[in-house]
>>> print(open('upload29.cif').read())   # mmCIF, C-alpha atoms and all ligand atoms
data_entry
loop_
_atom_site.label_atom_id
_atom_site.label_comp_id
_atom_site.auth_asym_id
_atom_site.auth_seq_id
_atom_site.Cartn_x
_atom_site.Cartn_y
_atom_site.Cartn_z
CA MET N 1 12.85 18.17 0.53
CA THR N 2 9.55 16.78 -0.60
CA LYS N 3 10.25 18.04 -4.14
CA VAL N 4 13.41 15.89 -4.34
CA LEU N 5 11.52 12.85 -3.11
CA GLU N 6 8.67 13.63 -5.45
CA LYS N 7 10.99 13.75 -8.45
CA ALA N 8 12.62 10.44 -7.50
CA ALA N 9 9.22 8.80 -7.01
CA GLU N 10 7.95 10.13 -10.33
CA GLU N 11 11.06 8.83 -12.09
CA CYS N 12 10.52 5.43 -10.54
CA ILE N 13 6.85 5.26 -11.57
CA THR N 14 7.67 6.49 -15.08
CA TRP N 15 10.42 3.85 -15.37
CA ALA N 16 7.94 1.16 -14.30
CA ILE N 17 5.28 2.33 -16.76
CA GLY N 18 7.85 2.10 -19.57
CA LYS N 19 9.35 -1.22 -18.52
CA PHE N 20 6.36 -3.41 -17.64
CA LEU N 21 3.60 -4.42 -20.02
CA ASN N 22 1.12 -5.22 -17.27
CA LEU N 23 1.74 -2.89 -14.36
CA LYS N 24 -0.83 -2.56 -11.58
CA MET N 25 -1.08 -0.61 -8.33
CA SER N 26 -2.46 -1.77 -4.99
CA THR N 27 -3.62 0.29 -2.04
CA GLY N 28 -4.63 -0.01 1.59
CA LEU N 29 -5.57 3.70 1.56
CA ASN N 30 -2.92 4.80 4.01
CA VAL N 31 -1.57 8.32 3.62
CA SER N 32 1.30 6.78 1.64
CA GLY N 33 -1.23 5.11 -0.64
CA GLN N 34 -2.97 8.40 -1.23
CA VAL N 35 0.34 10.04 -2.15
CA LEU N 36 1.25 7.20 -4.50
CA ILE N 37 -2.09 7.29 -6.32
CA ASP N 38 -1.73 11.03 -6.84
CA LEU N 39 1.86 10.83 -8.08
CA ALA N 40 1.03 7.93 -10.39
CA ALA N 41 -1.88 9.83 -11.89
CA LYS N 42 0.34 12.88 -12.43
CA VAL N 43 2.88 10.93 -14.48
CA GLY N 44 0.19 9.26 -16.57
CA TYR N 45 -0.44 5.89 -14.95
CA GLN N 46 -3.66 4.56 -16.47
CA GLY N 47 -3.75 1.03 -15.15
CA GLU N 48 -5.75 -0.55 -12.37
CA LEU N 49 -5.83 0.35 -8.70
CA LEU N 50 -6.49 -2.77 -6.64
CA PHE N 51 -8.13 -2.73 -3.23
CA VAL N 52 -8.60 -6.00 -1.37
CA ASP N 53 -11.85 -5.83 0.55
CA THR N 54 -11.24 -8.24 3.43
CA GLY N 55 -14.77 -7.76 4.70
CA TYR N 56 -13.34 -6.16 7.85
CA HIS N 57 -12.35 -2.69 6.68
CA PHE N 58 -13.53 0.39 8.52
CA PRO N 59 -16.55 1.83 6.69
CA GLU N 60 -14.54 5.04 6.20
CA THR N 61 -11.95 3.09 4.21
CA VAL N 62 -14.49 1.50 1.90
CA LYS N 63 -16.19 4.86 1.40
CA LEU N 64 -12.90 6.60 0.60
CA PHE N 65 -12.06 4.03 -2.06
CA SER N 66 -15.47 4.45 -3.66
CA GLU N 67 -15.06 8.25 -3.75
CA LEU N 68 -11.51 8.44 -5.10
CA ASP N 69 -12.35 7.40 -8.64
CA GLN N 70 -13.95 10.78 -9.23
CA ARG N 71 -10.62 12.42 -8.48
CA TYR N 72 -8.65 10.03 -10.72
CA PRO N 73 -10.81 9.22 -13.77
CA GLY N 74 -7.82 7.88 -15.74
CA ILE N 75 -7.27 5.03 -13.28
CA THR N 76 -9.47 1.93 -13.17
CA PHE N 77 -10.58 1.17 -9.61
CA ARG N 78 -11.02 -2.51 -8.85
CA THR N 79 -12.14 -4.17 -5.63
CA LEU N 80 -11.01 -7.75 -4.99
CA SER N 81 -13.28 -9.64 -2.66
CA ALA N 82 -12.26 -11.74 0.30
CA GLY N 83 -12.46 -15.50 0.20
CA SER N 84 -13.46 -16.53 3.72
CA THR N 85 -16.90 -16.98 5.17
CA ILE N 86 -15.55 -18.38 8.44
CA GLU N 87 -16.90 -16.19 11.20
CA ASP N 88 -14.39 -14.48 13.50
CA LEU N 89 -11.39 -16.24 11.97
CA TYR N 90 -9.37 -13.18 12.98
CA LEU N 91 -9.81 -14.23 16.61
CA SER N 92 -8.96 -17.89 16.28
CA GLU N 93 -6.40 -17.89 13.44
CA PRO N 94 -5.45 -14.35 12.44
CA GLU N 95 -2.62 -15.36 10.12
CA LYS N 96 -4.96 -17.72 8.27
CA CYS N 97 -7.51 -14.92 8.17
CA CYS N 98 -4.96 -12.63 6.46
CA GLN N 99 -3.97 -15.42 4.09
CA ILE N 100 -7.53 -16.13 2.98
CA ASN N 101 -8.91 -12.61 3.07
CA LYS N 102 -5.96 -10.49 1.93
CA ILE N 103 -3.11 -12.42 0.40
CA ASP N 104 -4.96 -15.02 -1.63
CA PRO N 105 -7.38 -12.64 -3.41
CA LEU N 106 -4.53 -10.36 -4.49
CA GLN N 107 -2.16 -13.12 -5.53
CA ALA N 108 -4.89 -14.95 -7.43
CA TYR N 109 -5.79 -11.80 -9.33
CA LEU N 110 -2.16 -10.97 -10.16
CA ALA N 111 -1.64 -14.52 -11.43
CA ASP N 112 -4.89 -14.59 -13.42
CA THR N 113 -4.05 -11.31 -15.12
CA SER N 114 -0.36 -12.11 -15.73
CA THR N 115 0.67 -8.99 -13.87
CA ASP N 116 4.42 -8.50 -14.15
CA ALA N 117 4.82 -5.61 -11.68
CA ILE N 118 2.89 -3.87 -8.94
CA LEU N 119 3.26 -0.38 -7.53
CA ASN N 120 2.80 -0.08 -3.82
CA ALA N 121 3.24 2.54 -1.16
CA ARG N 122 5.42 0.97 1.51
CA THR N 123 8.01 3.21 3.18
CA ARG N 124 11.08 2.37 5.25
CA ALA N 125 9.93 4.72 7.98
CA SER N 126 6.62 3.00 8.59
CA SER N 127 7.98 -0.03 10.42
CA PRO N 128 11.21 -1.75 11.52
CA THR N 129 10.15 -4.62 9.28
CA ARG N 130 10.59 -2.30 6.29
CA LYS N 131 13.86 -0.60 7.18
CA ASP N 132 15.75 -2.25 4.30
CA LEU N 133 13.06 -1.79 1.68
CA GLN N 134 14.33 -1.06 -1.85
CA MET N 135 12.56 1.04 -4.46
CA VAL N 136 12.39 -1.95 -6.79
CA GLU N 137 12.24 -5.58 -5.72
CA ALA N 138 12.68 -8.03 -8.55
CA GLY N 139 10.72 -11.26 -8.74
CA PRO N 140 8.07 -13.06 -10.78
CA THR N 141 5.95 -9.99 -10.05
CA TYR N 142 8.21 -7.00 -9.49
CA ARG N 143 7.31 -4.77 -6.56
CA ILE N 144 7.84 -1.09 -7.23
CA ASN N 145 8.06 1.08 -4.11
CA PRO N 146 8.46 4.71 -5.21
CA LEU N 147 7.97 6.09 -1.68
CA THR N 148 10.66 3.99 -0.02
CA PHE N 149 12.53 6.98 1.44
CA TRP N 150 9.57 9.15 2.47
CA SER N 151 8.99 9.92 6.13
CA GLN N 152 5.51 10.21 7.61
CA SER N 153 5.98 13.95 7.71
CA ASP N 154 6.94 14.02 3.99
CA LEU N 155 3.71 12.17 3.20
CA GLU N 156 1.62 14.56 5.29
CA THR N 157 3.27 17.57 3.66
CA TYR N 158 2.55 16.22 0.18
CA LEU N 159 -1.13 15.70 0.96
CA SER N 160 -1.40 19.13 2.52
CA VAL N 161 0.36 20.94 -0.36
CA ASN N 162 -1.79 19.13 -2.90
CA LYS N 163 -4.99 19.67 -0.91
CA ILE N 164 -5.76 15.97 -0.59
CA PRO N 165 -7.71 15.16 2.58
CA PRO N 166 -6.19 12.15 4.36
CA HIS N 167 -8.22 9.12 5.36
CA PRO N 168 -10.74 10.44 7.91
CA LEU N 169 -9.38 8.19 10.67
CA TYR N 170 -5.79 9.35 10.19
CA GLU N 171 -6.20 12.39 12.37
CA LEU N 172 -7.69 10.20 15.09
CA GLY N 173 -4.35 8.40 15.31
CA PHE N 174 -4.86 5.57 12.83
CA THR N 175 -1.48 6.08 11.18
CA SER N 176 -1.65 2.75 9.39
CA MET N 177 -4.96 1.57 8.10
CA GLY N 178 -5.98 -2.04 8.46
CA CYS N 179 -9.02 -4.09 9.40
CA TRP N 180 -11.04 -2.89 12.37
CA PRO N 181 -10.60 -6.01 14.53
CA CYS N 182 -6.80 -5.79 14.29
CA THR N 183 -6.00 -2.07 14.20
CA ARG N 184 -5.70 0.54 16.94
CA ALA N 185 -4.74 4.20 16.96
CA THR N 186 -1.06 4.91 17.63
CA LYS N 187 0.43 7.32 20.13
CA PRO N 188 2.83 10.14 19.21
CA GLY N 189 6.33 8.75 18.72
CA GLU N 190 5.22 5.22 17.88
CA ASP N 191 5.98 3.73 14.46
CA PRO N 192 3.05 4.25 12.12
CA ARG N 193 2.43 0.50 11.83
CA SER N 194 2.66 -0.22 15.54
CA GLY N 195 -1.13 -0.15 15.76
CA ARG N 196 -1.52 -3.04 13.33
CA PHE N 197 -2.23 -6.68 14.25
CA VAL N 198 -2.86 -5.77 17.86
CA GLY N 199 -1.88 -8.53 20.27
CA GLN N 200 -0.73 -10.84 17.46
CA GLY N 201 3.05 -10.32 17.76
CA ARG N 202 3.51 -9.31 14.13
CA LEU N 203 3.59 -6.15 12.03
CA GLU N 204 2.94 -7.61 8.58
CA CYS N 205 0.07 -9.57 7.10
CA GLY N 206 2.55 -11.42 4.87
CA ILE N 207 1.34 -10.02 1.58
CA TRP N 208 4.73 -8.47 0.80
CA SER N 209 6.91 -10.88 2.75
CA LYS N 210 7.83 -13.34 0.02
CA PRO N 211 11.54 -13.17 -0.83
CA THR N 212 12.56 -11.31 -3.95
CA MET N 213 15.55 -11.55 -6.27
CA ALA N 214 18.32 -9.00 -5.72
CA GLU N 215 18.69 -7.81 -9.30
CA SER N 216 16.17 -5.23 -10.41
CA GLY N 217 17.67 -3.04 -13.11
CA PHE N 218 16.63 0.07 -11.21
CA VAL N 219 18.86 1.12 -8.36
CA LYS N 220 18.17 4.32 -6.47
CA GLU N 221 19.80 5.64 -3.36
CA ASN N 222 18.02 7.82 -0.87
CA PRO N 223 17.68 11.14 -2.73
CA LYS N 224 17.54 13.16 0.51
S1 LIG N 301 -5.95 -7.89 9.44
FE1 LIG N 301 -7.25 -9.04 10.90
S2 LIG N 301 -9.35 -9.04 10.08
FE2 LIG N 301 -7.94 -8.33 8.45
S3 LIG N 301 -7.54 -10.14 7.23
FE3 LIG N 301 -5.88 -10.01 8.78
S4 LIG N 301 -6.58 -11.14 10.62
FE4 LIG N 301 -8.35 -10.85 9.23
#
>>> encode(input="upload29.cif", output="structure tokens")
Amino acid sequence: MTKVLEKAAEECITWAIGKFLNLKMSTGLNVSGQVLIDLAAKVGYQGELLFVDTGYHFPETVKLFSELDQRYPGITFRTLSAGSTIEDLYLSEPEKCCQINKIDPLQAYLADTSTDAILNARTRASSPTRKDLQMVEAGPTYRINPLTFWSQSDLETYLSVNKIPPHPLYELGFTSMGCWPCTRATKPGEDPRSGRFVGQGRLECGIWSKPTMAESGFVKENPK
């Protein structure tokens, strides 16, 4: 099954590389992100990999990002720094904290560099908020989601088969990686993102929540 998904994801990435002049990739270093980086490298993606350092990542996440460039020398690793110096904003105004520390740095960079499309690793299975995700979302900056139809188990199988160690906190139950003040380990049977934004009544930071246009020019059904 993973082979079918792999082929569909590779086709999607290859299509994006051919279609967009200024394609980039972002990552939060979830297992899905690790799969996407590997697949993109395999099909010849040579653009940038963007990581927004909010200032609140687990040290293991920052370390993993700094180590991955040795595995993928054809990709340019770029860290975007957070904007806020307001102490403990995540306690008083978490949505503002995400806006300043996550959303703004990425959006500013995409605008400054005239990025026309971005690869990211969201999946439908990770959260109810993503159940209708499409592989390509059109918009001023297209969002390309090659792993839309992958389950958590598909992602784990891919990493295992390709001998890619997952994020060191993954096996401790951190099935979706976020900032340490807002992330907890999940229990078996919970959605992977259910440990995010603990106590805040939300499952998304808002970075991918802007509406998109329906037309994309790339339509793909679930290959499973
Ligand atoms: S996830 Fe938490 S710490 Fe990270 S930017 Fe959002 S509110 Fe701030």
>>> closest_residue(input="upload29.cif", among="N:Asn22, N:Glu204, N:Glu60, N:Ile75", to="Ala111 of chain N", atoms="only C-alpha atoms")
N:Asn22
>>> atom_distance(input="upload29.cif", atom1="atom CA of Asn30 of chain N", atom2="atom CA of Leu89 of chain N")
24.0 Å
>>> residues_near_ligand(input="upload29.cif", ligand="ligand LIG 301 (chain N)", cutoff="7 Å", atoms="all atoms listed in the file", output="PyMOL selection string")
chain N and resi 54+56+89-90+94-95+97-98+101-102+178-182+197+205
>>> closest_atom_pairs(input="upload29.cif", of="segment 51-112 of chain N", to="segment 139-144 of chain N", cutoff="12 Å", atoms="all atoms listed in the file", output="tab-separated table")
residue	atom	partner	partner_atom	distance
N:Leu106	CA	N:Thr141	CA	11.9
N:Gln107	CA	N:Thr141	CA	9.8
N:Tyr109	CA	N:Thr141	CA	11.9
N:Leu110	CA	N:Thr141	CA	8.2
N:Ala111	CA	N:Thr141	CA	8.9
>>> closest_residue(input="upload29.cif", among="N:Lys163, N:Lys131, N:Arg124, N:Lys187", to="Phe149 of chain N", atoms="all atoms listed in the file")
N:Arg124
>>> atom_distance(input="upload29.cif", atom1="atom CA of Val52 of chain N", atom2="atom CA of Ala82 of chain N")
7.0 Å
>>> atom_distance(input="upload29.cif", atom1="atom CA of Met25 of chain N", atom2="atom CA of Glu93 of chain N")
28.3 Å
>>> residues_around(input="upload29.cif", residues="Thr14 of chain N", least_positions_apart="3", cutoff="12 Å", atoms="only C-alpha atoms", output="ChimeraX atom specification")
/N:7-11,17-20,23,39-46,119,144,146,218
>>> residues_near_point(input="upload29.cif", point="(-6.3, 5.5, 7.3)", cutoff="9 Å", atoms="only C-alpha atoms", output="list of chain:residue names")
N:Gly28, N:Leu29, N:Asn30, N:Val31, N:Phe58, N:Glu60, N:Thr61, N:Pro166, N:His167, N:Pro168, N:Leu169, N:Tyr170, N:Glu171, N:Gly173, N:Phe174, N:Thr175, N:Ser176, N:Met177, N:Gly178
>>> closest_residue(input="upload29.cif", among="N:Glu48, N:Asp69, N:Asp191, N:Glu6", to="Leu36 of chain N", atoms="only C-alpha atoms")
N:Glu6
>>> build_atoms(input="upload29.cif", residues="segment 131-160 of chain N", atoms="N, CA and C atoms", output="mmCIF file, in the frame of the given file")
data_model
loop_
_atom_site.group_PDB
_atom_site.id
_atom_site.type_symbol
_atom_site.label_atom_id
_atom_site.label_comp_id
_atom_site.auth_asym_id
_atom_site.auth_seq_id
_atom_site.Cartn_x
_atom_site.Cartn_y
_atom_site.Cartn_z
ATOM 1 N N LYS N 131 12.723 -1.521 7.142
ATOM 2 C CA LYS N 131 13.860 -0.600 7.180
ATOM 3 C C LYS N 131 14.837 -0.809 6.027
ATOM 4 N N ASP N 132 14.837 -1.984 5.413
ATOM 5 C CA ASP N 132 15.750 -2.250 4.300
ATOM 6 C C ASP N 132 15.037 -2.277 2.949
ATOM 7 N N LEU N 133 13.841 -1.787 2.930
ATOM 8 C CA LEU N 133 13.060 -1.790 1.680
ATOM 9 C C LEU N 133 13.830 -1.110 0.544
ATOM 10 N N GLN N 134 13.737 -1.664 -0.655
ATOM 11 C CA GLN N 134 14.330 -1.060 -1.850
ATOM 12 C C GLN N 134 13.224 -0.505 -2.743
ATOM 13 N N MET N 135 13.594 0.454 -3.595
ATOM 14 C CA MET N 135 12.560 1.040 -4.460
ATOM 15 C C MET N 135 12.013 0.025 -5.458
ATOM 16 N N VAL N 136 12.866 -0.901 -5.882
ATOM 17 C CA VAL N 136 12.390 -1.950 -6.790
ATOM 18 C C VAL N 136 12.849 -3.295 -6.268
ATOM 19 N N GLU N 137 11.921 -4.212 -6.125
ATOM 20 C CA GLU N 137 12.240 -5.580 -5.720
ATOM 21 C C GLU N 137 11.872 -6.486 -6.894
ATOM 22 N N ALA N 138 12.909 -7.157 -7.406
ATOM 23 C CA ALA N 138 12.680 -8.030 -8.550
ATOM 24 C C ALA N 138 12.042 -9.337 -8.115
ATOM 25 N N GLY N 139 11.357 -9.983 -9.043
ATOM 26 C CA GLY N 139 10.720 -11.260 -8.740
ATOM 27 C C GLY N 139 9.772 -11.605 -9.858
ATOM 28 N N PRO N 140 9.042 -12.704 -9.736
ATOM 29 C CA PRO N 140 8.070 -13.060 -10.780
ATOM 30 C C PRO N 140 7.096 -11.903 -11.018
ATOM 31 N N THR N 141 6.662 -11.275 -9.942
ATOM 32 C CA THR N 141 5.950 -9.990 -10.050
ATOM 33 C C THR N 141 6.817 -8.960 -9.339
ATOM 34 N N TYR N 142 7.375 -8.026 -10.111
ATOM 35 C CA TYR N 142 8.210 -7.000 -9.490
ATOM 36 C C TYR N 142 7.364 -6.137 -8.555
ATOM 37 N N ARG N 143 7.988 -5.715 -7.448
ATOM 38 C CA ARG N 143 7.310 -4.770 -6.560
ATOM 39 C C ARG N 143 8.025 -3.434 -6.680
ATOM 40 N N ILE N 144 7.269 -2.423 -7.012
ATOM 41 C CA ILE N 144 7.840 -1.090 -7.230
ATOM 42 C C ILE N 144 7.389 -0.212 -6.055
ATOM 43 N N ASN N 145 8.353 0.346 -5.346
ATOM 44 C CA ASN N 145 8.060 1.080 -4.110
ATOM 45 C C ASN N 145 8.580 2.522 -4.200
ATOM 46 N N PRO N 146 7.906 3.377 -4.943
ATOM 47 C CA PRO N 146 8.460 4.710 -5.210
ATOM 48 C C PRO N 146 8.609 5.587 -3.967
ATOM 49 N N LEU N 147 7.933 5.236 -2.877
ATOM 50 C CA LEU N 147 7.970 6.090 -1.680
ATOM 51 C C LEU N 147 8.897 5.550 -0.599
ATOM 52 N N THR N 148 9.764 4.645 -0.978
ATOM 53 C CA THR N 148 10.660 3.990 -0.020
ATOM 54 C C THR N 148 11.262 4.950 1.010
ATOM 55 N N PHE N 149 11.743 6.104 0.562
ATOM 56 C CA PHE N 149 12.530 6.980 1.440
ATOM 57 C C PHE N 149 11.704 8.105 2.069
ATOM 58 N N TRP N 150 10.415 8.080 1.915
ATOM 59 C CA TRP N 150 9.570 9.150 2.470
ATOM 60 C C TRP N 150 9.321 8.918 3.961
ATOM 61 N N SER N 151 9.376 9.998 4.720
ATOM 62 C CA SER N 151 8.990 9.920 6.130
ATOM 63 C C SER N 151 7.482 10.184 6.229
ATOM 64 N N GLN N 152 6.933 9.937 7.404
ATOM 65 C CA GLN N 152 5.510 10.210 7.610
ATOM 66 C C GLN N 152 5.221 11.692 7.399
ATOM 67 N N SER N 153 6.160 12.513 7.859
ATOM 68 C CA SER N 153 5.980 13.950 7.710
ATOM 69 C C SER N 153 6.038 14.369 6.230
ATOM 70 N N ASP N 154 6.905 13.737 5.435
ATOM 71 C CA ASP N 154 6.940 14.020 3.990
ATOM 72 C C ASP N 154 5.576 13.701 3.354
ATOM 73 N N LEU N 155 5.004 12.579 3.765
ATOM 74 C CA LEU N 155 3.710 12.170 3.200
ATOM 75 C C LEU N 155 2.627 13.187 3.568
ATOM 76 N N GLU N 156 2.630 13.586 4.834
ATOM 77 C CA GLU N 156 1.620 14.560 5.290
ATOM 78 C C GLU N 156 1.771 15.886 4.554
ATOM 79 N N THR N 157 3.033 16.296 4.364
ATOM 80 C CA THR N 157 3.270 17.570 3.660
ATOM 81 C C THR N 157 2.745 17.492 2.228
ATOM 82 N N TYR N 158 3.006 16.369 1.570
ATOM 83 C CA TYR N 158 2.550 16.220 0.180
ATOM 84 C C TYR N 158 1.026 16.344 0.107
ATOM 85 N N LEU N 159 0.335 15.643 0.997
ATOM 86 C CA LEU N 159 -1.130 15.700 0.960
ATOM 87 C C LEU N 159 -1.619 17.121 1.223
ATOM 88 N N SER N 160 -0.981 17.778 2.180
ATOM 89 C CA SER N 160 -1.400 19.130 2.520
ATOM 90 C C SER N 160 -1.175 20.088 1.351
#
